Amino acid sequence: MKQQILVIGAGFGGVWSALSAARLLDKHDRNDVEITLLAPQAELRIRPRFYEPDVHTMKADLNDLFAAVGIKFVKGSAENIDTAKKQVSYSDVYGTNGVLSYDRLVLAAGSKLNRPAALPGVVEHAFDVDEIEAAARLEAHIKALKDLPNTPARNTVVVCGGGFTGIETATEMPARLRAALGDDAPIRVIVVDRAPTPGASLGAGIGPSLIEASNELGVEWVLNASVAAVDANGVTLGDGQHIESNTVIWTVGFRASPLTEQVAGTRDPQGRLHVDGNLKVLGHADVYAAGDTAYAATDDKGNFAAMSCQHAISLGRYAGNNVAADLLGVAPTPYSQPKYVTCLDLGAWGAVFTEGWDRELKLVKKEAKELKTQINTVWIYPPAADRAAALAAADPLIPVA
């Protein structure tokens with residue numbers, strides 16, 4: 001009977017884990033290990049692009065790729081992880097239940113936007129760009145705004161949160177609103193953020209570009225502010241101010257998949273499981289984590305992987321390699337990703353590109369935008385369904401950034 005590697009999740013971490021495991025098995029000419037990937041759909045959804053229009057195109061089919069490299073795909077949603085029995089139970093879209101056994105598990109189930117249930121109205125009335133379905137609902141809503149009366153609420157978008165997702169969503173929104181409402185519409189885009197300055201969490205290097213872009217695009221910032229409630233007509237801030245808006249977008253707070261709670265271990269404040277240098281979950285002999293479920297040191301300087309595709313791709317390559325190495329009895333490749341870059345889209349103004357954890361400014365405006373376009377449309381997509389090329393691309397020693 002073949003030994004089983006089970007990967008949960010078809011995001012960046014999961015896809016690259018499966019490919020990397022297949023690469024090492026191929027390298028050692030081993031066909032006594034089977035790789036299975038469990039996910040709701042055999043497609044890589046390009047989550048970093050969900051702030052853009054035409055979101056229904058932001059996905060890549062994986063069936064041919066998996067067939068080319070010998071990865072078995074099971075369509076379903078993982079519901080329970082039993083680490084004692086080494087089993088994962090799942091259900092499919094029809095409600096049919098199944099169980100998959102494993103010898104080694106890679107948990108790469110990603111993360112979810114955290115909508116605080118205690119915040120009045122945020123669940124019922126706020127849009128988001130976390131999942132492709134949610135982003136598609138927002139897109140349909142924006143296109144339908146033209147059918148509403150011409151009021152300040154119709155013409156105003158409020159983005160709650162001034163982090164990476166909030167900034168890219170907000171700076172793209174003026175162009176999307178004008179496409180829907182016309183160039184003469186008195187549109188407003190407002191970012192509500194707790195920080196004292198725009199983009200404070202992204203460092204001083206990005207701030208000046210963000211401010212310049214916001215001024216040019218007409219994006220307003222309400223700073224040192226919190227959201228107290230969301231309703232059908234807008235948001236109420238902590239100081240009692242109400243901003244009228246038919247389009248409130250929530251972008252604050254991400255947590256690792258709830259599946260991480262079924263694996264005993266230490267977690268960071270975002271729910272990510274602490275892993276060792278080979279990405280094995282601490283306290284477990286046969287469970288690895290990759291992508292947004294892993295709290296992993298990128299270097300020996302105190303830096304840890306962020307919840308980003310940049311880190312998820314690399315984490316997947318190492319986790320897949322090491323889970324296969326574990327079964328084959330060969331040396332693992334310790335995870336290392338010392339290079340860190342940031343490429344922040346700023347809508348029609350351009351973009352900003354920085355290097356290092358201190359975000360040293362390298363490119364702005366058109367040059368950075370060209371790089372961002374290359375990243376978004378080429379670099380983060382999966383390889384073509386060519387076995388040799390796909391396996392070569394999964395080498396963990398290939399730099400991501």
# chains A, B, ... in the order shown; residues from 1 in each chain; ligands from 1

$ select_by_dssp --residues "stretch 102-281 of chain A" --states "strand (DSSP E)" --output "PyMOL selection string"
chain A and resi 104-107+111-113+156-160+188-192+219-222+227-231+234-237+242-244+247-250+254-256+273-274

$ select_by_dssp --residues "stretch 136-305 of chain A" --states "alpha helix (DSSP H)" --output "PyMOL selection string"
chain A and resi 136-144+152-155+164-181+207-217

$ write_last_selection --atoms "N, CA and C atoms" --output "tab-separated table (two decimals), in the first residue's frame"
chain	number	residue	atom	x	y	z
A	136	ALA	N	-17.11	39.29	-6.01
A	136	ALA	CA	-18.05	39.34	-7.14
A	136	ALA	C	-19.34	40.04	-6.72
A	137	ARG	N	-19.79	39.82	-5.49
A	137	ARG	CA	-20.98	40.53	-5.00
A	137	ARG	C	-20.73	42.03	-4.94
A	138	LEU	N	-19.54	42.41	-4.48
A	138	LEU	CA	-19.19	43.83	-4.45
A	138	LEU	C	-19.17	44.40	-5.86
A	139	GLU	N	-18.60	43.66	-6.80
A	139	GLU	CA	-18.53	44.15	-8.18
A	139	GLU	C	-19.92	44.35	-8.76
A	140	ALA	N	-20.82	43.39	-8.54
A	140	ALA	CA	-22.19	43.53	-9.03
A	140	ALA	C	-22.88	44.73	-8.39
A	141	HIS	N	-22.61	44.93	-7.11
A	141	HIS	CA	-23.19	46.07	-6.39
A	141	HIS	C	-22.72	47.39	-6.98
A	142	ILE	N	-21.41	47.50	-7.24
A	142	ILE	CA	-20.87	48.74	-7.80
A	142	ILE	C	-21.49	49.03	-9.16
A	143	LYS	N	-21.62	48.01	-10.00
A	143	LYS	CA	-22.21	48.21	-11.32
A	143	LYS	C	-23.67	48.63	-11.23
A	144	ALA	N	-24.37	48.22	-10.17
A	144	ALA	CA	-25.78	48.53	-10.01
A	144	ALA	C	-26.03	49.88	-9.35
A	152	PRO	N	-25.49	61.41	-1.91
A	152	PRO	CA	-24.15	61.24	-1.34
A	152	PRO	C	-23.87	59.79	-0.95
A	153	ALA	N	-24.88	59.09	-0.44
A	153	ALA	CA	-24.68	57.70	-0.04
A	153	ALA	C	-24.33	56.82	-1.24
A	154	ARG	N	-25.02	57.05	-2.36
A	154	ARG	CA	-24.72	56.26	-3.56
A	154	ARG	C	-23.31	56.52	-4.05
A	155	ASN	N	-22.87	57.75	-3.97
A	155	ASN	CA	-21.60	58.17	-4.57
A	155	ASN	C	-20.40	57.97	-3.65
A	164	PHE	N	-2.81	46.86	4.01
A	164	PHE	CA	-2.48	46.55	2.62
A	164	PHE	C	-3.74	46.39	1.77
A	165	THR	N	-4.66	45.54	2.22
A	165	THR	CA	-5.87	45.28	1.44
A	165	THR	C	-6.73	46.53	1.34
A	166	GLY	N	-6.86	47.24	2.45
A	166	GLY	CA	-7.67	48.46	2.43
A	166	GLY	C	-7.13	49.51	1.48
A	167	ILE	N	-5.81	49.68	1.47
A	167	ILE	CA	-5.20	50.68	0.59
A	167	ILE	C	-5.40	50.31	-0.88
A	168	GLU	N	-5.13	49.06	-1.23
A	168	GLU	CA	-5.27	48.68	-2.63
A	168	GLU	C	-6.73	48.75	-3.09
A	169	THR	N	-7.64	48.40	-2.21
A	169	THR	CA	-9.06	48.50	-2.53
A	169	THR	C	-9.48	49.94	-2.71
A	170	ALA	N	-9.06	50.80	-1.79
A	170	ALA	CA	-9.47	52.21	-1.83
A	170	ALA	C	-8.91	52.95	-3.04
A	171	THR	N	-7.63	52.72	-3.36
A	171	THR	CA	-7.02	53.47	-4.46
A	171	THR	C	-7.48	52.97	-5.83
A	172	GLU	N	-8.01	51.77	-5.89
A	172	GLU	CA	-8.59	51.27	-7.14
A	172	GLU	C	-10.04	51.76	-7.31
A	173	MET	N	-10.67	52.13	-6.22
A	173	MET	CA	-12.11	52.41	-6.22
A	173	MET	C	-12.51	53.65	-7.03
A	174	PRO	N	-11.74	54.75	-7.06
A	174	PRO	CA	-12.17	55.88	-7.87
A	174	PRO	C	-12.40	55.51	-9.34
A	175	ALA	N	-11.51	54.74	-9.92
A	175	ALA	CA	-11.68	54.33	-11.31
A	175	ALA	C	-12.89	53.42	-11.46
A	176	ARG	N	-13.12	52.54	-10.51
A	176	ARG	CA	-14.26	51.64	-10.60
A	176	ARG	C	-15.58	52.39	-10.44
A	177	LEU	N	-15.62	53.39	-9.59
A	177	LEU	CA	-16.83	54.19	-9.42
A	177	LEU	C	-17.13	55.02	-10.66
A	178	ARG	N	-16.07	55.61	-11.24
A	178	ARG	CA	-16.30	56.42	-12.45
A	178	ARG	C	-16.77	55.55	-13.61
A	179	ALA	N	-16.25	54.33	-13.69
A	179	ALA	CA	-16.71	53.42	-14.74
A	179	ALA	C	-18.18	53.09	-14.57
A	180	ALA	N	-18.64	53.04	-13.32
A	180	ALA	CA	-20.04	52.69	-13.05
A	180	ALA	C	-20.97	53.89	-13.11
A	181	LEU	N	-20.49	55.05	-12.65
A	181	LEU	CA	-21.37	56.21	-12.48
A	181	LEU	C	-21.11	57.34	-13.47
A	207	GLY	N	4.78	55.85	3.17
A	207	GLY	CA	3.86	56.92	3.52
A	207	GLY	C	3.77	58.08	2.54
A	208	PRO	N	4.89	58.71	2.15
A	208	PRO	CA	4.81	59.85	1.24
A	208	PRO	C	4.15	59.52	-0.10
A	209	SER	N	4.46	58.34	-0.65
A	209	SER	CA	3.84	57.94	-1.91
A	209	SER	C	2.35	57.72	-1.74
A	210	LEU	N	1.96	57.12	-0.62
A	210	LEU	CA	0.55	56.88	-0.36
A	210	LEU	C	-0.22	58.19	-0.23
A	211	ILE	N	0.37	59.14	0.47
A	211	ILE	CA	-0.28	60.44	0.63
A	211	ILE	C	-0.41	61.15	-0.72
A	212	GLU	N	0.65	61.13	-1.52
A	212	GLU	CA	0.60	61.75	-2.84
A	212	GLU	C	-0.46	61.09	-3.72
A	213	ALA	N	-0.48	59.77	-3.71
A	213	ALA	CA	-1.46	59.04	-4.51
A	213	ALA	C	-2.89	59.34	-4.05
A	214	SER	N	-3.10	59.36	-2.73
A	214	SER	CA	-4.43	59.63	-2.20
A	214	SER	C	-4.91	61.02	-2.60
A	215	ASN	N	-4.01	62.00	-2.51
A	215	ASN	CA	-4.38	63.36	-2.90
A	215	ASN	C	-4.74	63.45	-4.38
A	216	GLU	N	-3.94	62.78	-5.21
A	216	GLU	CA	-4.18	62.84	-6.65
A	216	GLU	C	-5.46	62.11	-7.03
A	217	LEU	N	-5.73	61.00	-6.36
A	217	LEU	CA	-6.91	60.20	-6.69
A	217	LEU	C	-8.17	60.69	-6.00

$ residues_around --residues "stretch 92-105 of chain A" --least-positions-apart "5" --cutoff "7 Å" --atoms "only C-alpha atoms" --output "PyMOL selection string"
chain A and resi 3-7+75-77+86-87+286-288+323

$ residues_around --residues "A:Pro198" --least-positions-apart "4" --cutoff "10 Å" --atoms "only C-alpha atoms" --output "PyMOL selection string"
chain A and resi 162-163+167+191-194+202-204+206-208+210-211+214+220-223

$ closest_atom_pairs --of "stretch 245-297 of chain A" --to "stretch 109-122 of chain A" --cutoff "8 Å" --atoms "only C-alpha atoms" --output "JSON lines"
{"residue": "A:Trp250", "atom": "CA", "partner": "A:Val122", "partner_atom": "CA", "distance": 7.7}
{"residue": "A:Thr251", "atom": "CA", "partner": "A:Leu113", "partner_atom": "CA", "distance": 7.3}
{"residue": "A:Val252", "atom": "CA", "partner": "A:Asn114", "partner_atom": "CA", "distance": 7.0}
{"residue": "A:Gly253", "atom": "CA", "partner": "A:Asn114", "partner_atom": "CA", "distance": 5.3}
{"residue": "A:Phe254", "atom": "CA", "partner": "A:Leu113", "partner_atom": "CA", "distance": 4.5}
{"residue": "A:Arg255", "atom": "CA", "partner": "A:Ser111", "partner_atom": "CA", "distance": 5.3}
{"residue": "A:Ala256", "atom": "CA", "partner": "A:Ser111", "partner_atom": "CA", "distance": 4.1}
{"residue": "A:Ser257", "atom": "CA", "partner": "A:Ser111", "partner_atom": "CA", "distance": 4.7}
{"residue": "A:Leu259", "atom": "CA", "partner": "A:Ala109", "partner_atom": "CA", "distance": 7.4}
{"residue": "A:Gly291", "atom": "CA", "partner": "A:Gly110", "partner_atom": "CA", "distance": 6.3}
{"residue": "A:Asp292", "atom": "CA", "partner": "A:Gly110", "partner_atom": "CA", "distance": 4.8}
{"residue": "A:Thr293", "atom": "CA", "partner": "A:Gly110", "partner_atom": "CA", "distance": 5.9}

$ write_last_selection --atoms "N, CA, C and O atoms" --output "short mmCIF file (atom, residue, chain, number, x, y, z; two decimals), in the first residue's frame"
data_model
loop_
_atom_site.label_atom_id
_atom_site.label_comp_id
_atom_site.auth_asym_id
_atom_site.auth_seq_id
_atom_site.Cartn_x
_atom_site.Cartn_y
_atom_site.Cartn_z
N TRP A 250 -15.27 46.12 4.37
CA TRP A 250 -14.52 45.76 5.58
C TRP A 250 -13.24 45.04 5.17
O TRP A 250 -13.27 44.04 4.45
N THR A 251 -12.08 45.53 5.64
CA THR A 251 -10.79 44.92 5.28
C THR A 251 -9.91 44.66 6.50
O THR A 251 -8.70 44.41 6.35
N VAL A 252 -10.47 44.70 7.69
CA VAL A 252 -9.67 44.69 8.92
C VAL A 252 -9.57 43.28 9.51
O VAL A 252 -10.60 42.66 9.79
N GLY A 253 -8.35 42.80 9.71
CA GLY A 253 -8.13 41.62 10.51
C GLY A 253 -8.27 40.30 9.78
O GLY A 253 -9.32 40.01 9.21
N PHE A 254 -7.21 39.50 9.79
CA PHE A 254 -7.24 38.17 9.19
C PHE A 254 -6.79 37.16 10.22
O PHE A 254 -5.91 37.41 11.04
N ARG A 255 -7.42 35.98 10.17
CA ARG A 255 -7.05 34.88 11.07
C ARG A 255 -6.84 33.62 10.26
O ARG A 255 -7.49 33.40 9.23
N ALA A 256 -5.93 32.79 10.74
CA ALA A 256 -5.69 31.51 10.10
C ALA A 256 -6.96 30.67 10.11
O ALA A 256 -7.85 30.86 10.95
N SER A 257 -7.05 29.75 9.18
CA SER A 257 -8.21 28.85 9.08
C SER A 257 -8.56 28.25 10.43
O SER A 257 -7.67 27.86 11.20
N LEU A 259 -9.35 25.42 11.02
CA LEU A 259 -8.82 24.06 11.09
C LEU A 259 -7.57 23.99 11.97
O LEU A 259 -7.25 22.93 12.53
N GLY A 291 1.86 28.35 4.21
CA GLY A 291 1.00 29.49 3.92
C GLY A 291 0.54 30.20 5.18
O GLY A 291 1.27 30.28 6.17
N ASP A 292 -0.72 30.65 5.18
CA ASP A 292 -1.23 31.48 6.27
C ASP A 292 -1.51 30.71 7.55
O ASP A 292 -1.90 31.31 8.55
N THR A 293 -1.34 29.39 7.55
CA THR A 293 -1.53 28.63 8.79
C THR A 293 -0.23 28.46 9.57
O THR A 293 -0.25 27.94 10.69
#

$ residues_around --residues "A:Val263" --least-positions-apart "4" --cutoff "9 Å" --atoms "only C-alpha atoms" --output "VMD selection string"
chain A and resid 81 to 83 259 273 281 284 287

$ atom_distance --atom1 "atom CA of A:Asp345" --atom2 "atom CA of A:Ser201"
15.7 Å

$ atom_distance --atom1 "atom CA of A:Leu279" --atom2 "atom CA of A:Arg30"
22.5 Å

$ residues_around --residues "A:Pro332" --least-positions-apart "4" --cutoff "12 Å" --atoms "only C-alpha atoms" --output "compact mmCIF listing (two decimals) with N, CA, C and O atoms, in the first residue's frame"
# COMPACT_ATOMS: atom_id res chain seq x y z
N ALA A 21 6.31 18.42 -3.19
CA ALA A 21 6.39 17.02 -2.79
C ALA A 21 6.53 16.12 -4.01
O ALA A 21 7.34 15.18 -4.02
N LEU A 24 10.16 16.15 -5.32
CA LEU A 24 11.16 15.35 -4.61
C LEU A 24 10.94 13.84 -4.86
O LEU A 24 11.90 13.09 -4.99
N ASP A 276 8.66 24.31 13.30
CA ASP A 276 10.10 24.32 13.41
C ASP A 276 10.74 24.77 12.10
O ASP A 276 10.05 25.20 11.16
N GLY A 277 12.04 24.66 12.01
CA GLY A 277 12.74 25.15 10.83
C GLY A 277 12.41 24.41 9.55
O GLY A 277 12.66 24.90 8.44
N ASN A 278 11.84 23.20 9.69
CA ASN A 278 11.44 22.42 8.51
C ASN A 278 9.95 22.53 8.24
O ASN A 278 9.42 21.83 7.38
N LEU A 279 9.26 23.40 9.00
CA LEU A 279 7.83 23.68 8.88
C LEU A 279 6.95 22.57 9.44
O LEU A 279 5.76 22.49 9.13
N LYS A 280 7.53 21.74 10.29
CA LYS A 280 6.75 20.74 11.02
C LYS A 280 6.13 21.42 12.24
O LYS A 280 6.80 22.17 12.96
N ARG A 317 6.66 25.48 -1.04
CA ARG A 317 7.77 24.74 -1.66
C ARG A 317 8.59 23.99 -0.61
O ARG A 317 9.00 22.84 -0.82
N TYR A 318 8.85 24.66 0.51
CA TYR A 318 9.65 24.01 1.55
C TYR A 318 8.85 22.92 2.26
O TYR A 318 9.37 21.83 2.53
N ALA A 319 7.58 23.21 2.59
CA ALA A 319 6.78 22.23 3.33
C ALA A 319 6.59 20.96 2.51
O ALA A 319 6.72 19.84 3.03
N GLY A 320 6.27 21.11 1.21
CA GLY A 320 6.10 19.94 0.37
C GLY A 320 7.37 19.13 0.23
O GLY A 320 7.35 17.89 0.30
N ASN A 321 8.47 19.82 0.03
CA ASN A 321 9.76 19.14 -0.07
C ASN A 321 10.05 18.37 1.21
O ASN A 321 10.45 17.20 1.18
N ASN A 322 9.82 19.01 2.35
CA ASN A 322 10.21 18.40 3.62
C ASN A 322 9.28 17.29 4.07
O ASN A 322 9.71 16.34 4.72
N VAL A 323 8.00 17.39 3.72
CA VAL A 323 7.10 16.31 4.08
C VAL A 323 7.43 15.06 3.27
O VAL A 323 7.36 13.93 3.78
N ALA A 324 7.81 15.25 2.00
CA ALA A 324 8.24 14.11 1.19
C ALA A 324 9.59 13.58 1.68
O ALA A 324 9.79 12.36 1.75
N ALA A 325 10.50 14.47 2.02
CA ALA A 325 11.80 14.04 2.53
C ALA A 325 11.65 13.21 3.79
O ALA A 325 12.38 12.22 4.00
N ASP A 326 10.70 13.59 4.63
CA ASP A 326 10.44 12.87 5.87
C ASP A 326 10.05 11.42 5.58
O ASP A 326 10.56 10.48 6.21
N LEU A 327 9.16 11.22 4.61
CA LEU A 327 8.74 9.86 4.27
C LEU A 327 9.85 9.07 3.57
O LEU A 327 9.96 7.86 3.74
N LEU A 328 10.64 9.78 2.77
CA LEU A 328 11.70 9.10 2.02
C LEU A 328 12.95 8.83 2.85
O LEU A 328 13.83 8.07 2.43
N PRO A 396 12.40 24.34 -3.74
CA PRO A 396 12.33 25.32 -2.64
C PRO A 396 13.45 26.35 -2.65
O PRO A 396 13.32 27.41 -2.05
N LEU A 397 14.54 26.05 -3.33
CA LEU A 397 15.68 26.98 -3.34
C LEU A 397 15.53 28.08 -4.40
O LEU A 397 16.39 28.95 -4.51

$ residues_around --residues "A:Phe66" --least-positions-apart "3" --cutoff "10 Å" --atoms "only C-alpha atoms" --output "number ranges by chain"
A: 15, 18-19, 22, 35-37, 42, 61-63, 69-73, 385-387, 390

$ write_last_selection --atoms "N, CA and C atoms" --output "short mmCIF file (atom, residue, chain, number, x, y, z; two decimals), in the first residue's frame"
data_model
loop_
_atom_site.label_atom_id
_atom_site.label_comp_id
_atom_site.auth_asym_id
_atom_site.auth_seq_id
_atom_site.Cartn_x
_atom_site.Cartn_y
_atom_site.Cartn_z
N VAL A 15 -1.02 24.50 -3.15
CA VAL A 15 -0.61 24.11 -4.50
C VAL A 15 0.89 23.87 -4.57
N ALA A 18 2.04 20.64 -2.73
CA ALA A 18 1.81 19.43 -3.50
C ALA A 18 2.82 19.30 -4.63
N LEU A 19 3.08 20.41 -5.33
CA LEU A 19 4.04 20.37 -6.44
C LEU A 19 5.45 20.04 -5.94
N ALA A 22 5.77 16.43 -5.07
CA ALA A 22 5.86 15.64 -6.30
C ALA A 22 7.26 15.75 -6.91
N ILE A 35 0.28 11.55 -3.47
CA ILE A 35 -0.03 12.91 -3.00
C ILE A 35 -1.49 13.20 -3.32
N THR A 36 -2.25 13.58 -2.30
CA THR A 36 -3.66 13.95 -2.48
C THR A 36 -3.86 15.37 -1.99
N LEU A 37 -4.55 16.17 -2.77
CA LEU A 37 -4.88 17.54 -2.36
C LEU A 37 -6.39 17.64 -2.21
N ALA A 42 -10.75 22.68 -7.75
CA ALA A 42 -9.41 22.48 -8.32
C ALA A 42 -9.00 23.73 -9.08
N ASP A 61 -7.30 27.24 -13.37
CA ASP A 61 -7.70 25.84 -13.25
C ASP A 61 -6.46 24.97 -13.00
N LEU A 62 -6.61 23.98 -12.13
CA LEU A 62 -5.48 23.14 -11.71
C LEU A 62 -5.57 21.70 -12.20
N ASN A 63 -6.66 21.32 -12.84
CA ASN A 63 -6.86 19.92 -13.20
C ASN A 63 -5.75 19.38 -14.10
N VAL A 69 1.51 16.12 -13.16
CA VAL A 69 2.53 15.78 -12.16
C VAL A 69 2.11 14.66 -11.23
N GLY A 70 0.92 14.11 -11.43
CA GLY A 70 0.50 12.96 -10.65
C GLY A 70 -0.05 13.27 -9.27
N ILE A 71 -0.72 14.42 -9.13
CA ILE A 71 -1.36 14.77 -7.86
C ILE A 71 -2.83 14.40 -7.94
N LYS A 72 -3.32 13.66 -6.96
CA LYS A 72 -4.73 13.29 -6.90
C LYS A 72 -5.52 14.41 -6.25
N PHE A 73 -6.61 14.82 -6.88
CA PHE A 73 -7.43 15.89 -6.32
C PHE A 73 -8.74 15.32 -5.79
N ALA A 385 0.83 23.20 -17.41
CA ALA A 385 0.72 21.75 -17.20
C ALA A 385 1.76 20.98 -17.99
N ASP A 386 3.01 21.30 -17.76
CA ASP A 386 4.15 20.61 -18.34
C ASP A 386 4.92 19.98 -17.18
N ARG A 387 5.00 18.67 -17.13
CA ARG A 387 5.53 17.99 -15.96
C ARG A 387 6.93 18.46 -15.57
N ALA A 390 6.91 22.20 -14.48
CA ALA A 390 6.18 22.41 -13.24
C ALA A 390 6.97 21.91 -12.04
#
